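The structure appears right after this line, and notes come after that.
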Amino acid sequence: MNTFANMIDRAGGVFVLPVAIAIVAFFLIGAPSSWLTLTVAGLSMGLMIFLMASGLSLVFGLMDVLNFGHSAFVSFGAFVAASVLAWLGGWLGADSIILNSLALIAALAAAIVFGAAGGWFFERVIVKPVYKDHLRQILITMGALIVAEQLILATWGGTPVNVPRPHFLEGAIILGGSSLEVYRLFAFVVGALVYAGLYYLLNKTRIGLLIRAGVENREMVEALGFKIDRLFIGVFMLGSALAALGGAMWAGYETLITPALGAEMMVIVFIVVIIGGLGSIQGTLLGAIVVALMQNYVGYLSPKLALASNMILMMAILLWRPYGLAPAVK
Amino acid sequence: MNRTLSVKIIALTIWGLLLFSPFLFQDVRQVEVAARICVFIVLVASYDLLIGYTGIVSFAHTMFFGLGAYGVAIAMKQGDNTWGYWIVGALAGVLVAAVLAVLIGLLSLRVKAIFFAMITLAAASVALVLASQLSSFTGGEDGMTYSSPDIFKPATKLLTDDEGKVARIAGVRMNGKIAAYYFVFFTSAVMFWVMLRIVGSPLGTVLKAIRENEARAEGIGYRVVAYRTAVFVIAATTAALAGAVYAAWLKYTGPDTTLSFAIMIDILLMVVIGGMGTMWGAAIGATLMVLAQYYLRDLMEVASDATSAIPLLPELLSPDRWLLWLGIIFILLVYFFPAGIAGTIIRGRAK
């Protein structure tokens with residue numbers, strides 16, 4: 001038993017979990033082609049969820065602030081991107097890949113800028129007055145979430161909004177009998193790039209060093225003379241922008257979005273950060289991929305269970321590790 | 001003057017008005033409002049046990065409320081409208097609520113408050129989705145309508161006059177509607193009284209100690225997790241009972257009346273408005289919010305029509321945007337009056 005545990009530890013500890021899930025699912029599903037489709041779908045979904053969840057996790061790790069209004073940025077990102085895409089319909093419909101991608105980039109950029117600006121406003125107005133008071137923090141960010149949702153309803157209306165996609169992201173690649181949607185591959189690439197960027201930022205740069213130091217011991221960093229408040233608002237804006245980007249990507253994936261999108265995603269995002277452990281990017285990625293893989297596999301194997309599967313998964317993991325799989329050192 | 005006393009007097013006045021409301025306000029809608037206030041006072045008071053007295057933030061309170069209501073609804077829909085089925089349904093709902101509360105409590109009350117808030121939120125949304133998905137069992141999005149026990153039917157004569165017609169006392173017809181209202185009123189009053197006793201008991205003192213300083217309470221020798229789980233179960237079963245009572249009154253149970261997130265927000269608002277950590281404040285908060293819900297919407301409708309010439313304003317003032325304004329009021333309240341009405345009165349102006 002001990003040697004087995006050692007073996008798992010050497011192979012990467014808890015980070016083997018998605019691989020283990022994928023292998024178990026492979027035997028349960030039986031058909032390699034469907035398994036590949038589901039795995040790719042799960043991975044791309046996981047990376048989109050990672051985009052939404054990473055900000056929440058970082059903000060909590062750095063400042064002990066849990067933002068219940070985080071999902072508002074997801075919805076705002078989705079709707080802003082949808083509006084920009086609809087507005088640039090001419091470019092999108094054009095027969096040139098360059099114009100198509102320009103429209104897509106404009107939409108994603110608009111979502112990011114909106115998310116960052118919204119994050120700045122949110123941090124200054126809503127969160128700042130209630131640092132260090134968890135109860136009021138929860139209440140106030142919840143109130144802000146309601147207001148944000150209502151603003152979305154007032155601006156875009158309650159009816160579902162159609163999200164146009166550029167042509168080159170439509171369709172699917174057939175690979176050995178399994179069809180892989182192009183958009184999913186695109187989402188996977190974007191998510192992986194963002195993860196790589198975040199990893200570089202946190203582990204190779206001076207700012208990243210400060211952020212990690214702040215997560216570990218805020219007072220010490222302050223005592224050494226760094227303005228952690230300024231760092232924090234930067235992280236908050238970054239997190240909100242990433243959530244908006246995730247929302248925009250998700251909008252393109254769903255192609256039909258409603259104002260309830262944020263609330264739906266919020267639950268998944270919460271489950272992800274709880275499973276992964278708050279405060280660490282690696283944990284969040286792990287949680288996101290585990291949740292998304294589970295959702296896809298269970299949805300295929302027994303659709304009725306899909307709903308409860310994430311909840312059961314969260315309960316099981318909390319029983320095993322009460323602080324999540326890979327929490328930041330605290 | 002003793003400030004705590006004045007809060008009690010306000011709350012008791014509310015209860016007194018509720019006691020005589022069928023006689024004071026003879027409109028059907030107003031009695032509806034009064035019954036809703038009764039149920040929500042209990043719901044808010046039980047939530048205050050958690051958030052105000054013990055410092056636990058749970059977003060699953062509507063789930064427990066819904067369990068009681070759905071228990072009654074399913075039992076009375078599958079069976080018939082006798083008291084037996086009401087009791088069976090209510091007991092089943094309360095039991096499921098208690099078991100779920102123990103599970104959630106033992107599993108997650110030992111970690112940080114923030115984890116608990118997130119876990120209850122996730123559980124509540126799963127419950128909401130389940131209720132709308134299992135439509136053969138729960139009626140789905142449409143909910144269920146069913147008959148209430150015979151004694152609550154408007155045709156029932158509680159008292160008859162000489163001619164065998166329904167008797168009137170002070171101009172109010174003594175029919176089943178009165179019986180239904182007083183059923184709601186007295187069960188709510190009893191539950192509220194029980195919670196007052198809990199808060200005043202040694203258990204209540206321990207809960208406050210846990211809220212103020214968890215480590216110290218643990219150090220003195222109280223098992224914090226056990227106490228927290230216990231109060232979570234008490235709050236959950238009370239909410240489930242309130243749901244069962246409300247289901248008998250409404251004769252309808254659906255996601256919008258019991259489980260929806262909007263109701264959770266209502267409860268939060270009521271607690272914050274009334275004052276966290278004061279049972280009496282719950283009565284004040286619930287009353288104000290329910291009244292505002294019923295009558296402010298009419299006002300917003302008028303305001304929206306009046307400003308129809310100005311762009312954007314009517315859109316923001318329309319009754320559908322009701323939650324927007326509630327949200328803003330909520331944020332402002334948490335900033336400026338975190339103690340709520342009752343708390344502000346008790347503490348006085350000095351901060």
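So you can find residues: chains in the structure tokens are A, B, ... in the order shown, residues in each start at 1, and ligands are numbered from 1 in order.
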Expected answer as a PyMOL selection string: chain B residues within 7 Å of chain A, only C-alpha atoms: chain B and resi 107+118+122+315-316+321+323-324+327-328+330-331+334
Mind checking which residues fall within 8 Å of Val44 (chain B), counting only C-alpha atoms, ignoring those fewer than 5 positions away in the same chain, and posting them as an mmCIF file with C-alpha atoms, in the first residue's frame?
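So the final result, stored in part.cif, reads:
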```
data_model
loop_
_atom_site.group_PDB
_atom_site.id
_atom_site.type_symbol
_atom_site.label_atom_id
_atom_site.label_comp_id
_atom_site.auth_asym_id
_atom_site.auth_seq_id
_atom_site.Cartn_x
_atom_site.Cartn_y
_atom_site.Cartn_z
ATOM 1 C CA ILE B 267 -34.820 36.081 3.431
ATOM 2 C CA LEU B 268 -31.355 37.630 3.448
ATOM 3 C CA MET B 270 -35.380 40.523 5.771
ATOM 4 C CA VAL B 271 -32.678 39.423 8.186
ATOM 5 C CA ALA B 282 -36.919 39.112 12.235
ATOM 6 C CA ALA B 283 -40.572 40.004 12.753
ATOM 7 C CA ALA B 286 -40.192 40.182 7.394
#
```
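Shell of His167 (chain A) at 12 Å, with only C-alpha atoms counted and residues fewer than 5 places along the chain excluded, is Gly89, Trp91, Leu92, Gly93, Ala94, Asp95, Ser96, Ile97, Ile98, Leu99, Asn100, Ser101, Ala103, Leu104, Ala172, Val182, Tyr183 and Gly252 of chain A.
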For CA of Ile173 (chain A) and CA of Ala41 (chain A), quote the distance in Å rounded to one decimal.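 Between CA of Ile173 (chain A) and CA of Ala41 (chain A) the gap works out to 12.9 Å.
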All residues 10 Å or closer to Phe183 (chain B), only C-alpha atoms, same chain fewer than 5 positions away omitted, as a PDB file with C-alpha atoms, in the first residue's frame:
```pdb
ATOM      1  CA  ALA B  35     -50.381  34.880   6.121  1.00  0.00           C
ATOM      2  CA  PHE B 152     -59.989  25.209   5.122  1.00  0.00           C
ATOM      3  CA  LYS B 177     -60.624  30.821   5.076  1.00  0.00           C
ATOM      4  CA  ILE B 178     -60.566  32.064   8.679  1.00  0.00           C
ATOM      5  CA  SER B 188     -46.117  30.338  13.131  1.00  0.00           C
ATOM      6  CA  ALA B 189     -46.534  31.948  16.534  1.00  0.00           C
ATOM      7  CA  VAL B 245     -47.635  25.187   6.732  1.00  0.00           C
ATOM      8  CA  ALA B 248     -51.329  23.982   3.188  1.00  0.00           C
ATOM      9  CA  TRP B 249     -52.243  27.669   2.984  1.00  0.00           C
TER      10      TRP B 249
END
```
Nearest residue to Phe232 (chain B) from the set B:Ala75, B:Ala98, B:Leu18, B:Met63 (distances using only C-alpha atoms):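 Of the candidates, the smallest distance to Phe232 (chain B) is held by B:Ala98.
With only C-alpha atoms as the basis for measurement, A:Met63 is the residue among A:Val16, A:Leu43, A:Met63, A:Val24 that approaches Val127 (chain A) most closely.
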Pick the closest to Val272 (chain A) from A:Gly176, A:Gly46, A:Gly234, A:Gly30: which is it, counting only C-alpha atoms?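 Comparing A:Gly176, A:Gly46, A:Gly234, A:Gly30 against Val272 (chain A), the winner is A:Gly46.
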Measure the distance from CA of Lys77 (chain B) to CA of Tyr246 (chain B) in Å and round it to one decimal.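 Separating CA of Lys77 (chain B) from CA of Tyr246 (chain B) is a distance of 15.4 Å.
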Name all residues at most 8 Å from region 280-288 of chain A (count only C-alpha atoms; drop same-chain ones fewer than 6 positions away) and give them as a short mmCIF file (atom, residue, chain, number, x, y, z; two decimals) with N, CA and C atoms, in the first residue's frame.
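out-v2.cif, freshly written:
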```cif
data_model
loop_
_atom_site.label_atom_id
_atom_site.label_comp_id
_atom_site.auth_asym_id
_atom_site.auth_seq_id
_atom_site.Cartn_x
_atom_site.Cartn_y
_atom_site.Cartn_z
N PHE A 15 -2.45 15.17 -9.11
CA PHE A 15 -2.61 15.59 -10.51
C PHE A 15 -2.79 14.40 -11.45
N PRO A 18 -7.20 13.31 -13.04
CA PRO A 18 -7.92 13.33 -14.32
C PRO A 18 -7.54 12.15 -15.21
N GLY A 46 -13.30 22.04 -19.57
CA GLY A 46 -12.53 22.27 -18.36
C GLY A 46 -11.70 23.53 -18.45
N LEU A 47 -11.09 23.77 -19.62
CA LEU A 47 -10.25 24.96 -19.74
C LEU A 47 -11.08 26.23 -19.77
N ILE A 49 -13.91 26.57 -18.13
CA ILE A 49 -14.28 26.77 -16.72
C ILE A 49 -13.08 27.29 -15.93
N PHE A 50 -11.89 26.80 -16.30
CA PHE A 50 -10.69 27.29 -15.62
C PHE A 50 -10.56 28.80 -15.78
N ALA A 53 -12.85 30.36 -13.35
CA ALA A 53 -12.63 30.12 -11.93
C ALA A 53 -11.31 30.67 -11.41
N SER A 54 -10.32 30.85 -12.32
CA SER A 54 -8.98 31.19 -11.83
C SER A 54 -8.98 32.50 -11.06
N SER A 57 -10.30 32.18 -7.52
CA SER A 57 -9.37 31.47 -6.66
C SER A 57 -8.20 32.37 -6.24
N LEU A 58 -7.65 33.10 -7.21
CA LEU A 58 -6.51 33.97 -6.92
C LEU A 58 -6.89 35.09 -5.96
N GLY A 61 -7.16 33.74 -2.58
CA GLY A 61 -5.87 33.39 -2.02
C GLY A 61 -5.10 34.61 -1.56
N LEU A 198 -0.49 32.58 -17.32
CA LEU A 198 -0.64 32.78 -15.88
C LEU A 198 0.50 32.11 -15.12
N TYR A 199 0.84 30.91 -15.59
CA TYR A 199 1.91 30.16 -14.94
C TYR A 199 3.22 30.94 -15.03
N VAL A 269 -18.43 26.85 -11.07
CA VAL A 269 -17.18 27.52 -10.70
C VAL A 269 -16.89 27.31 -9.22
N VAL A 272 -15.69 23.88 -8.64
CA VAL A 272 -14.32 23.74 -9.13
C VAL A 272 -13.32 24.29 -8.12
N VAL A 273 -13.57 25.50 -7.61
CA VAL A 273 -12.56 26.06 -6.70
C VAL A 273 -12.54 25.31 -5.38
N ILE A 274 -13.68 24.78 -4.96
CA ILE A 274 -13.68 24.01 -3.72
C ILE A 274 -12.89 22.72 -3.91
N LEU A 325 -8.06 19.69 -3.39
CA LEU A 325 -6.98 18.81 -3.83
C LEU A 325 -5.60 19.45 -3.69
N ALA A 326 -5.46 20.67 -4.19
CA ALA A 326 -4.14 21.28 -4.18
C ALA A 326 -4.24 22.75 -3.76
N PRO A 327 -4.56 23.00 -2.48
CA PRO A 327 -4.70 24.39 -2.06
C PRO A 327 -3.34 25.08 -1.99
N ALA A 328 -3.38 26.42 -2.04
CA ALA A 328 -2.14 27.17 -1.87
C ALA A 328 -1.69 27.03 -0.43
#
```
Measure the distance from CA of Phe121 (chain A) to CA of Gly208 (chain A) in Å and round it to one decimal. 23.1 Å
